[in-house]
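Source file: work.cif. Holds: mmCIF, C-alpha atoms (C1' of nucleotides).
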data_query
loop_
_atom_site.label_atom_id
_atom_site.label_comp_id
_atom_site.auth_asym_id
_atom_site.auth_seq_id
_atom_site.Cartn_x
_atom_site.Cartn_y
_atom_site.Cartn_z
CA MET C 1 -198.03 50.42 -33.38
CA ASP C 2 -196.11 48.15 -35.74
CA GLY C 3 -196.47 47.79 -39.49
CA GLU C 4 -198.72 44.79 -39.30
CA SER C 5 -201.24 46.43 -36.99
CA ILE C 6 -201.33 49.57 -39.12
CA LYS C 7 -202.16 47.43 -42.12
CA GLN C 8 -204.86 45.72 -40.13
CA CYS C 9 -206.36 49.00 -38.91
CA LEU C 10 -206.58 50.31 -42.43
CA GLU C 11 -208.21 47.22 -43.81
CA GLU C 12 -210.71 46.97 -40.99
CA SER C 13 -211.75 50.49 -41.89
CA GLY C 14 -212.20 49.56 -45.53
CA LEU C 15 -209.13 51.51 -46.69
CA ARG C 16 -206.63 49.89 -48.99
CA CYS C 17 -203.17 49.76 -47.52
CA THR C 18 -201.27 51.68 -50.18
CA PRO C 19 -197.64 52.64 -49.64
CA GLN C 20 -198.61 56.32 -49.32
CA ARG C 21 -201.42 55.73 -46.88
CA PHE C 22 -199.30 53.37 -44.86
CA ALA C 23 -196.50 55.92 -44.71
CA VAL C 24 -198.78 58.65 -43.41
CA MET C 25 -200.19 56.35 -40.75
CA ALA C 26 -196.74 55.10 -39.79
CA PHE C 27 -195.46 58.64 -39.47
CA LEU C 28 -198.31 59.58 -37.15
CA ALA C 29 -197.80 56.43 -35.11
CA GLU C 30 -194.16 57.33 -34.57
CA HIS C 31 -194.47 61.08 -34.02
CA HIS C 32 -196.67 62.00 -31.13
CA GLY C 33 -196.00 65.73 -31.37
CA HIS C 34 -199.17 66.44 -33.35
CA PRO C 35 -197.59 67.29 -36.70
CA THR C 36 -199.26 69.50 -39.28
CA ALA C 37 -200.14 68.23 -42.75
CA ALA C 38 -197.18 70.14 -44.16
CA GLU C 39 -194.78 68.53 -41.67
CA ILE C 40 -196.10 65.08 -42.48
CA PHE C 41 -195.80 65.68 -46.18
CA GLU C 42 -192.29 67.09 -46.01
CA SER C 43 -190.93 64.42 -43.75
CA VAL C 44 -192.49 61.43 -45.49
CA ASN C 45 -191.79 62.81 -48.93
CA ARG C 46 -188.15 63.38 -48.07
CA ALA C 47 -187.76 59.74 -47.10
CA ASP C 48 -189.80 58.44 -50.05
CA PRO C 49 -190.76 60.89 -52.80
CA ARG C 50 -193.71 58.78 -53.88
CA LEU C 51 -195.97 60.84 -51.64
CA SER C 52 -197.46 64.03 -53.08
CA ARG C 53 -198.98 66.93 -51.24
CA ALA C 54 -202.50 66.24 -52.47
CA THR C 55 -202.28 62.64 -51.38
CA THR C 56 -201.15 63.69 -47.93
CA TYR C 57 -204.30 65.75 -47.55
CA ASN C 58 -206.49 63.08 -49.18
CA ASN C 59 -205.21 60.39 -46.88
CA LEU C 60 -205.43 62.51 -43.76
CA ARG C 61 -209.04 63.21 -44.61
CA ASP C 62 -209.76 59.53 -45.23
CA LEU C 63 -208.10 58.58 -41.96
CA VAL C 64 -210.01 61.18 -40.01
CA LYS C 65 -213.26 60.08 -41.62
CA ALA C 66 -212.46 56.46 -40.77
CA GLY C 67 -211.93 57.48 -37.15
CA LEU C 68 -208.29 56.37 -37.04
CA VAL C 69 -206.85 59.85 -36.78
CA ARG C 70 -207.91 62.98 -34.95
CA GLU C 71 -207.65 66.48 -36.38
CA VAL C 72 -207.06 69.33 -33.94
CA ALA C 73 -207.88 72.82 -35.20
CA VAL C 74 -205.72 75.57 -33.72
CA GLU C 75 -206.66 79.24 -33.91
CA GLY C 76 -204.81 80.98 -36.69
CA ARG C 77 -202.54 78.04 -37.49
CA ALA C 78 -202.49 74.87 -39.53
CA ALA C 79 -204.48 71.89 -38.26
CA ARG C 80 -202.62 69.17 -36.41
CA PHE C 81 -203.08 65.44 -36.44
CA ASP C 82 -202.61 62.48 -34.14
CA VAL C 83 -203.52 58.81 -34.15
CA LYS C 84 -206.51 58.02 -31.99
CA GLY C 85 -204.77 55.58 -29.75
CA MET C 86 -205.16 56.03 -26.06
CA GLN C 87 -207.71 58.64 -25.19
CA HIS C 88 -206.32 61.92 -23.97
CA HIS C 89 -207.09 65.60 -23.61
CA HIS C 90 -205.19 68.40 -25.27
CA PHE C 91 -203.18 71.38 -24.20
CA ILE C 92 -202.64 74.14 -26.76
CA CYS C 93 -199.96 76.74 -26.21
CA ASP C 94 -201.12 80.33 -26.71
CA ARG C 95 -197.65 81.38 -27.67
CA CYS C 96 -196.13 78.70 -29.91
CA GLY C 97 -199.27 76.85 -30.98
CA ASN C 98 -197.88 73.45 -30.03
CA VAL C 99 -200.40 70.81 -29.11
CA GLU C 100 -199.56 68.46 -26.26
CA ASP C 101 -201.36 65.50 -24.75
CA VAL C 102 -202.80 65.63 -21.26
CA GLU C 103 -203.48 62.35 -19.54
CA TRP C 104 -207.07 61.27 -19.83
CA TYR C 105 -209.53 61.50 -16.98
CA ASP C 106 -213.24 61.06 -17.06
CA LEU C 107 -215.56 64.00 -17.36
CA PRO C 108 -219.02 64.33 -15.94
CA LYS C 109 -221.69 64.15 -18.64
CA PRO C 110 -223.82 67.23 -19.06
CA ALA C 111 -227.46 67.06 -18.05
CA SER C 112 -229.25 65.88 -21.17
CA ARG C 113 -231.43 68.97 -21.19
CA PHE C 114 -228.30 70.97 -22.00
CA LEU C 115 -227.80 69.02 -25.20
CA GLY C 116 -231.35 68.70 -26.46
CA LYS C 117 -231.73 66.65 -29.61
CA ARG C 118 -228.07 66.91 -30.55
CA VAL C 119 -226.23 63.66 -31.18
CA VAL C 120 -222.91 63.71 -29.35
CA ARG C 121 -220.14 61.66 -30.92
CA GLU C 122 -217.33 62.70 -28.65
CA CYS C 123 -216.33 65.21 -26.08
CA GLU C 124 -212.89 66.63 -25.48
CA LEU C 125 -211.28 68.96 -23.06
CA ILE C 126 -208.90 71.63 -24.27
CA PHE C 127 -206.55 73.47 -21.96
CA ARG C 128 -204.98 76.71 -23.09
CA GLY C 129 -202.06 78.63 -21.72
CA LEU C 130 -198.30 78.45 -21.95
CA CYS C 131 -196.41 75.24 -22.52
CA THR C 132 -193.46 74.40 -20.32
CA LYS C 133 -190.98 75.90 -22.74
CA CYS C 134 -192.90 79.14 -23.32
CA ALA C 135 -193.72 79.53 -19.62
CA ARG C 136 -190.01 79.45 -18.83
CA GLY C 137 -189.18 82.26 -21.28
CA ARG C 138 -192.26 84.25 -20.43
CA ALA C 139 -190.43 87.20 -18.85
CA SER C 140 -188.49 87.86 -22.06
CA ARG C 141 -191.61 88.92 -23.92
CA MET U 1 -225.33 94.26 -23.90
CA ASP U 2 -226.28 97.81 -24.77
CA GLY U 3 -224.22 100.45 -26.50
CA GLU U 4 -223.12 102.09 -23.31
CA SER U 5 -221.72 98.91 -21.78
CA ILE U 6 -219.92 98.00 -24.98
CA LYS U 7 -218.24 101.37 -24.90
CA GLN U 8 -217.33 100.80 -21.28
CA CYS U 9 -215.92 97.33 -21.94
CA LEU U 10 -213.71 98.64 -24.68
CA GLU U 11 -212.37 101.50 -22.65
CA GLU U 12 -211.72 99.36 -19.62
CA SER U 13 -209.58 97.18 -21.87
CA GLY U 14 -207.62 100.16 -23.13
CA LEU U 15 -209.18 100.06 -26.59
CA ARG U 16 -210.54 103.21 -28.15
CA CYS U 17 -214.18 103.01 -28.98
CA THR U 18 -214.04 103.71 -32.71
CA PRO U 19 -217.15 103.35 -34.86
CA GLN U 20 -215.68 100.26 -36.55
CA ARG U 21 -214.62 98.56 -33.34
CA PHE U 22 -217.93 99.38 -31.73
CA ALA U 23 -219.80 97.94 -34.71
CA VAL U 24 -217.90 94.66 -34.56
CA MET U 25 -218.54 94.34 -30.83
CA ALA U 26 -222.20 95.28 -31.23
CA PHE U 27 -222.65 92.71 -33.97
CA LEU U 28 -221.18 89.98 -31.79
CA ALA U 29 -223.30 91.06 -28.85
CA GLU U 30 -226.45 90.73 -30.95
CA HIS U 31 -225.65 87.59 -32.88
CA HIS U 32 -225.01 84.59 -30.70
CA GLY U 33 -224.64 82.15 -33.59
CA HIS U 34 -220.82 82.32 -33.58
CA PRO U 35 -220.31 84.20 -36.85
CA THR U 36 -217.14 83.93 -38.92
CA ALA U 37 -214.96 86.95 -39.64
CA ALA U 38 -216.35 87.03 -43.18
CA GLU U 39 -219.92 87.06 -41.93
CA ILE U 40 -219.19 89.86 -39.50
CA PHE U 41 -217.49 91.89 -42.18
CA GLU U 42 -220.23 91.42 -44.76
CA SER U 43 -223.07 92.15 -42.43
CA VAL U 44 -221.56 95.18 -40.71
CA ASN U 45 -220.16 96.54 -43.94
CA ARG U 46 -223.54 96.25 -45.63
CA ALA U 47 -225.15 98.37 -42.92
CA ASP U 48 -222.27 100.82 -42.75
CA PRO U 49 -219.58 100.68 -45.43
CA ARG U 50 -217.03 102.39 -43.21
CA LEU U 51 -215.74 98.98 -42.12
CA SER U 52 -213.07 97.32 -44.25
CA ARG U 53 -212.06 93.68 -44.28
CA ALA U 54 -208.64 94.30 -42.80
CA THR U 55 -210.15 96.30 -39.96
CA THR U 56 -212.57 93.50 -39.21
CA TYR U 57 -209.64 91.13 -38.72
CA ASN U 58 -207.58 93.75 -36.85
CA ASN U 59 -210.38 94.45 -34.45
CA LEU U 60 -211.26 90.82 -33.90
CA ARG U 61 -207.65 90.18 -33.03
CA ASP U 62 -207.55 93.14 -30.63
CA LEU U 63 -210.77 92.02 -28.98
CA VAL U 64 -209.54 88.46 -28.57
CA LYS U 65 -206.26 89.72 -27.16
CA ALA U 66 -208.14 91.94 -24.72
CA GLY U 67 -210.15 88.94 -23.59
CA LEU U 68 -213.51 90.36 -24.63
CA VAL U 69 -214.08 87.91 -27.46
CA ARG U 70 -213.39 84.23 -27.87
CA GLU U 71 -212.16 82.63 -31.08
CA VAL U 72 -213.23 79.08 -31.82
CA ALA U 73 -211.18 77.20 -34.40
CA VAL U 74 -213.17 74.65 -36.39
CA GLU U 75 -211.52 71.88 -38.39
CA GLY U 76 -211.36 72.75 -42.05
CA ARG U 77 -213.48 75.88 -41.74
CA ALA U 78 -213.16 79.53 -40.88
CA ALA U 79 -212.74 80.49 -37.24
CA ARG U 80 -215.81 81.65 -35.37
CA PHE U 81 -216.20 84.33 -32.74
CA ASP U 82 -218.39 85.10 -29.76
CA VAL U 83 -218.42 87.61 -26.94
CA LYS U 84 -217.12 86.21 -23.68
CA GLY U 85 -220.23 86.91 -21.68
CA MET U 86 -221.59 84.11 -19.59
CA GLN U 87 -219.29 81.13 -19.47
CA HIS U 88 -220.36 78.20 -21.62
CA HIS U 89 -219.10 75.11 -23.40
CA HIS U 90 -219.28 74.52 -27.14
CA PHE U 91 -220.88 72.03 -29.44
CA ILE U 92 -219.50 71.78 -32.99
CA CYS U 93 -221.51 70.06 -35.68
CA ASP U 94 -219.54 67.52 -37.72
CA ARG U 95 -221.76 68.06 -40.70
CA CYS U 96 -222.49 71.77 -41.00
CA GLY U 97 -219.71 73.20 -38.83
CA ASN U 98 -222.05 75.36 -36.79
CA VAL U 99 -220.92 76.19 -33.29
CA GLU U 100 -223.54 76.24 -30.54
CA ASP U 101 -223.39 77.06 -26.86
CA VAL U 102 -223.85 74.41 -24.21
CA GLU U 103 -224.83 75.57 -20.76
CA TRP U 104 -221.88 75.85 -18.42
CA TYR U 105 -221.16 73.32 -15.72
CA ASP U 106 -218.07 72.95 -13.62
CA LEU U 107 -215.31 70.56 -14.56
CA PRO U 108 -213.01 68.70 -12.24
CA LYS U 109 -209.48 70.03 -12.39
CA PRO U 110 -206.83 67.62 -13.60
CA ALA U 111 -204.31 66.34 -11.14
CA SER U 112 -201.48 68.85 -11.30
CA ARG U 113 -199.01 66.11 -12.20
CA PHE U 114 -200.86 65.83 -15.53
CA LEU U 115 -200.06 69.42 -16.38
CA GLY U 116 -196.50 69.72 -15.14
CA LYS U 117 -195.05 73.19 -15.43
CA ARG U 118 -197.58 74.37 -17.95
CA VAL U 119 -199.49 77.55 -17.11
CA VAL U 120 -203.18 77.03 -17.74
CA ARG U 121 -205.14 80.12 -18.70
CA GLU U 122 -208.44 78.46 -19.45
CA CYS U 123 -210.05 75.16 -20.06
CA GLU U 124 -212.96 74.42 -22.34
CA LEU U 125 -215.06 71.47 -23.20
CA ILE U 126 -215.97 70.76 -26.81
CA PHE U 127 -218.70 68.38 -27.83
CA ARG U 128 -218.81 67.05 -31.35
CA GLY U 129 -221.56 65.33 -33.24
CA LEU U 130 -224.65 66.37 -35.15
CA CYS U 131 -226.64 69.47 -34.33
CA THR U 132 -230.39 69.23 -33.98
CA LYS U 133 -230.97 70.20 -37.60
CA CYS U 134 -228.39 67.82 -39.05
CA ALA U 135 -229.47 64.98 -36.77
CA ARG U 136 -232.99 65.29 -38.10
CA GLY U 137 -231.93 64.99 -41.75
CA ARG U 138 -229.33 62.35 -41.01
CA ALA U 139 -231.10 59.52 -42.90
CA SER U 140 -231.07 61.53 -46.14
CA ARG U 141 -227.34 61.33 -46.37
"C1'" DA J 1 -203.18 35.41 -68.39
"C1'" DT J 2 -206.27 39.46 -70.05
"C1'" DG J 3 -208.91 43.23 -69.68
"C1'" DC J 4 -211.81 46.04 -66.95
"C1'" DC J 5 -212.95 49.09 -63.27
"C1'" DA J 6 -213.04 51.35 -58.96
"C1'" DG J 7 -210.01 53.30 -56.02
"C1'" DA J 8 -205.73 55.85 -55.44
"C1'" DT J 9 -202.27 59.12 -56.82
"C1'" DT J 10 -200.38 63.16 -59.07
"C1'" DA J 11 -199.00 68.07 -60.58
"C1'" DG J 12 -200.62 72.06 -60.81
"C1'" DA J 13 -204.49 75.28 -60.79
"C1'" DT J 14 -207.70 77.17 -57.78
"C1'" DA J 15 -210.14 78.55 -53.57
"C1'" DT J 16 -210.37 80.22 -48.95
"C1'" DA J 17 -208.83 82.45 -44.80
"C1'" DG J 18 -206.11 85.54 -42.95
"C1'" DT J 19 -201.98 88.90 -42.75
"C1'" DC J 20 -199.07 92.63 -44.30
"C1'" DT J 21 -197.80 97.16 -46.30
"C1'" DA J 22 -197.72 101.81 -46.90
"C1'" DA J 23 -200.47 105.66 -47.20
"C1'" DA J 24 -204.26 108.24 -45.39
"C1'" DT J 25 -207.09 109.65 -41.55
"C1'" DC J 26 -208.47 110.45 -36.99
"C1'" DT J 27 -207.54 111.55 -31.72
"C1'" DT J 28 -205.29 113.26 -28.12
"C1'" DC J 29 -202.47 116.17 -25.98
"C1'" DC J 30 -199.35 119.94 -25.73
"C1'" DG M 1 -202.21 124.55 -34.72
"C1'" DG M 2 -199.17 120.77 -34.83
"C1'" DA M 3 -196.75 116.51 -33.32
"C1'" DA M 4 -197.30 111.77 -32.01
"C1'" DG M 5 -199.56 107.88 -31.95
"C1'" DA M 6 -203.52 104.96 -32.87
"C1'" DT M 7 -206.67 103.42 -36.39
"C1'" DT M 8 -208.34 102.48 -40.87
"C1'" DT M 9 -207.92 101.32 -45.68
"C1'" DA M 10 -207.30 98.97 -50.41
"C1'" DG M 11 -205.10 95.77 -52.29
"C1'" DA M 12 -201.10 92.79 -52.55
"C1'" DC M 13 -199.52 88.86 -50.48
"C1'" DT M 14 -199.06 84.32 -47.75
"C1'" DA M 15 -200.56 80.10 -45.93
"C1'" DT M 16 -203.51 76.35 -45.91
"C1'" DA M 17 -206.30 73.31 -48.11
"C1'" DT M 18 -209.17 71.57 -52.03
"C1'" DC M 19 -210.23 70.56 -56.78
"C1'" DT M 20 -209.44 68.90 -61.56
"C1'" DA M 21 -208.35 65.95 -64.97
"C1'" DA M 22 -205.09 62.76 -66.29
"C1'" DT M 23 -202.74 58.71 -64.98
"C1'" DC M 24 -201.63 54.71 -62.43
"C1'" DT M 25 -202.58 50.32 -59.65
"C1'" DG M 26 -204.34 46.18 -58.05
"C1'" DG M 27 -208.06 42.96 -57.52
"C1'" DC M 28 -211.38 40.31 -59.89
"C1'" DA M 29 -214.23 38.16 -63.42
"C1'" DT M 30 -213.60 35.99 -67.47
#
What do you get writing this file as structure tokens?
Amino acid sequence: MDGESIKQCLEESGLRCTPQRFAVMAFLAEHHGHPTAAEIFESVNRADPRLSRATTYNNLRDLVKAGLVREVAVEGRAARFDVKGMQHHHFICDRCGNVEDVEWYDLPKPASRFLGKRVVRECELIFRGLCTKCARGRASR
Amino acid sequence: MDGESIKQCLEESGLRCTPQRFAVMAFLAEHHGHPTAAEIFESVNRADPRLSRATTYNNLRDLVKAGLVREVAVEGRAARFDVKGMQHHHFICDRCGNVEDVEWYDLPKPASRFLGKRVVRECELIFRGLCTKCARGRASR
DNA sequence: ATGCCAGATTAGATATAGTCTAAATCTTCC
DNA sequence: GGAAGATTTAGACTATATCTAATCTGGCAT
């Protein structure tokens, strides 16, 4: 995702393309490792100190609300973020908490009686276990 | 789940059945609304002040580790807990954050090439949207 | 251009959720 | 009874995220 298309995304969502907001988006577009808010703040702020902590959180919230970014909650750890580009599932490591993408595949819809009057916006699959790195060192626990 | 089977569950998992641990388990067995740690603490402690906050967290962690209880992380809110009885999926309300059960149905396994060397322990489906109550009041937003 | 205004940003205070520490207490087993 | 280990506790502490109030910015009407 290049600079121009980020700008376009933001404006289509009714968000002004400020330097700070652009930087957060650009960082997420370049780093697919599901960074935490703190990682985003530290990295962007190091490169350009015009970004404050509060603004990082403000912008992440705006971007999530606008549907451009996804927030992944992880048990007992900081939330992680990724741009909603290609659809994918998630794998969360029990040991190190890292979030990884799993290639998308379609899921059967539940019978509507299971959902009742609820309004479903999206549906995601979460795998849990040990990531490749942690599985390798598993014996040394 | 009656008192006797709670006791049995705990002992089978190598956990002593202390009054505090039993109370946390019993509360979860009776309340299927996915309470937060704070709710569990307040409610149990009100009925029997022998339970402290730290013990609530300690026990929840032990129970999750033993596989008797599931922890559900919710974006921007406190984690929620439920006993791992019958298998089920989850629905999380965007608006009020409530977690509800969705009747279980089998999911197709991903092609193993999608998962690589990762070791999958479990796999859960999460629906997001508006719960029945929030969907009803949606216009008044 | 000028001035206004809503939106955006900021530092730092505050809130919330959860963990840690060290001492006290309870169980089990000899 | 006493040692060893598990459990509990109050309260301090940490991490994560939000709020506040002041300030800045950029677009727009004049």
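Selection result for the displayed file, with the PyMOL selection byres ((chain J) within 12 of (chain U)) as criterion, is J:DT16, J:DA17, J:DG18, J:DT19, J:DC20, J:DT21, J:DC26, J:DT27, J:DT28.
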Using all atoms listed in the file, which residues sit within 12 Å of DT25 of chain M once same-chain residues fewer than 3 positions away are excluded, as a PDB file with C-alpha atoms (C1' of nucleotides), keeping the file's coordinate frame?
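For reference, part-v3.pdb as written:
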ATOM      1  CA  ARG C  16    -206.630  49.890 -48.990  1.00  0.00           C
ATOM      2  CA  THR C  18    -201.270  51.680 -50.180  1.00  0.00           C
ATOM      3  CA  PRO C  19    -197.640  52.640 -49.640  1.00  0.00           C
TER       4      PRO C  19
ATOM      5  C1'  DC J   5    -212.950  49.090 -63.270  1.00  0.00           C
ATOM      6  C1'  DA J   6    -213.040  51.350 -58.960  1.00  0.00           C
ATOM      7  C1'  DG J   7    -210.010  53.300 -56.020  1.00  0.00           C
ATOM      8  C1'  DA J   8    -205.730  55.850 -55.440  1.00  0.00           C
ATOM      9  C1'  DT J   9    -202.270  59.120 -56.820  1.00  0.00           C
TER      10       DT J   9
END
>> Starting from the PyMOL selection byres ((chain U and resi 56) around 10), expand the selection into actual residues of this file and give them as a PyMOL selection string.
In response: chain U and resi 20-21+23-24+37-38+40-42+44-45+51-55+57-62
I'd like the superposed copy of chain U - fitted to chain C by least squares over all paired Cα atoms - as a CSV table (one decimal) with C-alpha atoms, keeping the file's coordinate frame.
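Okay, out.csv is ready:
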chain,number,residue,atom,x,y,z
U,1,MET,CA,-197.9,50.5,-33.3
U,2,ASP,CA,-196.0,48.3,-35.7
U,3,GLY,CA,-196.3,47.9,-39.4
U,4,GLU,CA,-198.5,44.9,-39.2
U,5,SER,CA,-201.1,46.5,-36.9
U,6,ILE,CA,-201.2,49.6,-39.1
U,7,LYS,CA,-202.0,47.5,-42.0
U,8,GLN,CA,-204.7,45.7,-40.0
U,9,CYS,CA,-206.2,49.0,-38.8
U,10,LEU,CA,-206.5,50.3,-42.4
U,11,GLU,CA,-208.0,47.1,-43.7
U,12,GLU,CA,-210.5,46.9,-40.9
U,13,SER,CA,-211.6,50.4,-41.8
U,14,GLY,CA,-212.1,49.4,-45.4
U,15,LEU,CA,-209.1,51.4,-46.6
U,16,ARG,CA,-206.5,49.8,-48.9
U,17,CYS,CA,-203.1,49.8,-47.5
U,18,THR,CA,-201.2,51.7,-50.1
U,19,PRO,CA,-197.6,52.7,-49.6
U,20,GLN,CA,-198.6,56.3,-49.3
U,21,ARG,CA,-201.4,55.7,-46.9
U,22,PHE,CA,-199.2,53.4,-44.8
U,23,ALA,CA,-196.5,56.0,-44.7
U,24,VAL,CA,-198.8,58.7,-43.4
U,25,MET,CA,-200.2,56.4,-40.7
U,26,ALA,CA,-196.7,55.2,-39.8
U,27,PHE,CA,-195.4,58.7,-39.5
U,28,LEU,CA,-198.3,59.6,-37.1
U,29,ALA,CA,-197.8,56.5,-35.1
U,30,GLU,CA,-194.1,57.4,-34.6
U,31,HIS,CA,-194.4,61.1,-34.0
U,32,HIS,CA,-196.6,62.1,-31.1
U,33,GLY,CA,-196.0,65.8,-31.4
U,34,HIS,CA,-199.2,66.5,-33.4
U,35,PRO,CA,-197.6,67.3,-36.7
U,36,THR,CA,-199.3,69.5,-39.3
U,37,ALA,CA,-200.2,68.2,-42.8
U,38,ALA,CA,-197.3,70.2,-44.2
U,39,GLU,CA,-194.9,68.6,-41.7
U,40,ILE,CA,-196.2,65.1,-42.5
U,41,PHE,CA,-195.9,65.7,-46.2
U,42,GLU,CA,-192.4,67.2,-46.0
U,43,SER,CA,-191.0,64.5,-43.8
U,44,VAL,CA,-192.5,61.5,-45.5
U,45,ASN,CA,-191.8,62.9,-48.9
U,46,ARG,CA,-188.2,63.5,-48.1
U,47,ALA,CA,-187.8,59.8,-47.1
U,48,ASP,CA,-189.8,58.6,-50.0
U,49,PRO,CA,-190.8,61.0,-52.8
U,50,ARG,CA,-193.7,58.8,-53.9
U,51,LEU,CA,-196.0,60.9,-51.7
U,52,SER,CA,-197.5,64.0,-53.1
U,53,ARG,CA,-199.1,66.9,-51.3
U,54,ALA,CA,-202.6,66.2,-52.5
U,55,THR,CA,-202.3,62.6,-51.4
U,56,THR,CA,-201.2,63.7,-48.0
U,57,TYR,CA,-204.4,65.7,-47.6
U,58,ASN,CA,-206.5,63.0,-49.2
U,59,ASN,CA,-205.2,60.4,-46.9
U,60,LEU,CA,-205.5,62.5,-43.8
U,61,ARG,CA,-209.1,63.2,-44.6
U,62,ASP,CA,-209.8,59.5,-45.2
U,63,LEU,CA,-208.1,58.5,-42.0
U,64,VAL,CA,-210.0,61.1,-40.0
U,65,LYS,CA,-213.3,60.0,-41.6
U,66,ALA,CA,-212.5,56.4,-40.7
U,67,GLY,CA,-211.9,57.4,-37.1
U,68,LEU,CA,-208.3,56.3,-37.0
U,69,VAL,CA,-206.9,59.9,-36.8
U,70,ARG,CA,-208.0,63.0,-35.0
U,71,GLU,CA,-207.7,66.5,-36.4
U,72,VAL,CA,-207.1,69.3,-34.0
U,73,ALA,CA,-207.9,72.8,-35.2
U,74,VAL,CA,-205.8,75.5,-33.7
U,75,GLU,CA,-206.7,79.2,-33.9
U,76,GLY,CA,-204.8,81.0,-36.7
U,77,ARG,CA,-202.6,78.0,-37.5
U,78,ALA,CA,-202.6,74.9,-39.5
U,79,ALA,CA,-204.6,71.9,-38.2
U,80,ARG,CA,-202.7,69.2,-36.4
U,81,PHE,CA,-203.1,65.4,-36.5
U,82,ASP,CA,-202.6,62.5,-34.2
U,83,VAL,CA,-203.5,58.8,-34.2
U,84,LYS,CA,-206.5,58.0,-32.0
U,85,GLY,CA,-204.7,55.5,-29.8
U,86,MET,CA,-205.2,56.0,-26.1
U,87,GLN,CA,-207.7,58.5,-25.2
U,88,HIS,CA,-206.3,61.9,-24.0
U,89,HIS,CA,-207.1,65.5,-23.6
U,90,HIS,CA,-205.2,68.4,-25.3
U,91,PHE,CA,-203.2,71.3,-24.2
U,92,ILE,CA,-202.7,74.1,-26.8
U,93,CYS,CA,-200.0,76.7,-26.2
U,94,ASP,CA,-201.1,80.3,-26.7
U,95,ARG,CA,-197.6,81.3,-27.7
U,96,CYS,CA,-196.2,78.7,-29.9
U,97,GLY,CA,-199.3,76.8,-31.0
U,98,ASN,CA,-197.9,73.4,-30.1
U,99,VAL,CA,-200.5,70.8,-29.1
U,100,GLU,CA,-199.6,68.4,-26.3
U,101,ASP,CA,-201.4,65.4,-24.8
U,102,VAL,CA,-202.8,65.6,-21.3
U,103,GLU,CA,-203.5,62.3,-19.6
U,104,TRP,CA,-207.1,61.2,-19.9
U,105,TYR,CA,-209.6,61.4,-17.0
U,106,ASP,CA,-213.3,61.0,-17.1
U,107,LEU,CA,-215.6,64.0,-17.4
U,108,PRO,CA,-219.1,64.3,-16.0
U,109,LYS,CA,-221.7,64.2,-18.7
U,110,PRO,CA,-223.8,67.3,-19.1
U,111,ALA,CA,-227.4,67.2,-18.1
U,112,SER,CA,-229.3,66.0,-21.2
U,113,ARG,CA,-231.4,69.1,-21.1
U,114,PHE,CA,-228.3,71.1,-22.0
U,115,LEU,CA,-227.8,69.2,-25.2
U,116,GLY,CA,-231.4,68.9,-26.4
U,117,LYS,CA,-231.8,66.9,-29.6
U,118,ARG,CA,-228.2,67.1,-30.5
U,119,VAL,CA,-226.4,63.8,-31.2
U,120,VAL,CA,-223.0,63.8,-29.4
U,121,ARG,CA,-220.3,61.8,-31.0
U,122,GLU,CA,-217.4,62.8,-28.7
U,123,CYS,CA,-216.4,65.3,-26.2
U,124,GLU,CA,-213.0,66.7,-25.6
U,125,LEU,CA,-211.3,68.9,-23.1
U,126,ILE,CA,-208.9,71.6,-24.3
U,127,PHE,CA,-206.6,73.4,-22.0
U,128,ARG,CA,-205.0,76.6,-23.1
U,129,GLY,CA,-202.1,78.5,-21.7
U,130,LEU,CA,-198.3,78.4,-22.0
U,131,CYS,CA,-196.4,75.1,-22.6
U,132,THR,CA,-193.5,74.3,-20.4
U,133,LYS,CA,-191.0,75.8,-22.8
U,134,CYS,CA,-192.9,79.0,-23.4
U,135,ALA,CA,-193.7,79.4,-19.7
U,136,ARG,CA,-190.0,79.3,-18.9
U,137,GLY,CA,-189.1,82.1,-21.3
U,138,ARG,CA,-192.2,84.1,-20.5
U,139,ALA,CA,-190.3,87.0,-18.8
U,140,SER,CA,-188.3,87.7,-22.0
U,141,ARG,CA,-191.4,88.7,-23.9
>> With the PyMOL selection byres ((chain C and resi 86-95) around 9) as the selection, what would be picked from this file? Answer as a ChimeraX atom specification, please.
In response: /C:72,74,83-85,96-105,124-131,134 /U:115,118,120-121,123
Using only C-alpha atoms (C1' of nucleotides), find each residue of chain M with at least one atom at most 9 Å away from an atom of chain C; report its shortest atom-to-atom pair and that distance in Å (one decimal), sort the rows by chain and rising residue number, and return the result as a Markdown table.
| residue | atom | partner | partner_atom | distance |
| --- | --- | --- | --- | --- |
| M:DA15 | C1' | C:Ala78 | CA | 8.5 |
| M:DT16 | C1' | C:Ala78 | CA | 6.6 |
| M:DA17 | C1' | C:Tyr57 | CA | 7.8 |
| M:DT18 | C1' | C:Ala54 | CA | 8.5 |
> Expressed in Å to a single decimal, how great is the separation between atom CA of Pro110 of chain U and atom CA of His34 of chain U?
Replying inline: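 Distance between the two atoms: 28.5 Å.
Note that the spacing between atom C1' of DG11 of chain M and atom C1' of DA13 of chain J amounts to 22.2 Å.
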>> Just the number, please: distance in Å from atom CA of Phe81 of chain C to atom CA of Cys17 of chain C, one decimal.
In response: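 Between atom CA of Phe81 of chain C and atom CA of Cys17 of chain C the gap is 19.2 Å.
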All file atoms of segment 11-19 of chain M boxed axis-aligned, 4 Å per side, centre plus edges, as AutoDock Vina command-line options:
--center_x -204.6 --center_y 83.2 --center_z -51.3 --size_x 19.2 --size_y 33.2 --size_z 18.9
> Which is closest to His31 of chain C among C:Asp82, C:Glu4, C:Asp106, C:Glu122, if we use all atoms listed in the file?
Replying inline: C:Asp82
> From the list U:Arg50, U:Arg113, U:Pro108, U:Val69, which residue is nearest DT8 of chain M when using all atoms listed in the file?
Replying inline: U:Arg50
> Looking at only C-alpha atoms, which of U:Ala26, U:Lys109, U:Ser5, U:Gly33 is the one that sits closest to chain C?
Replying inline: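 Among the listed residues, U:Lys109 lies closest to chain C.
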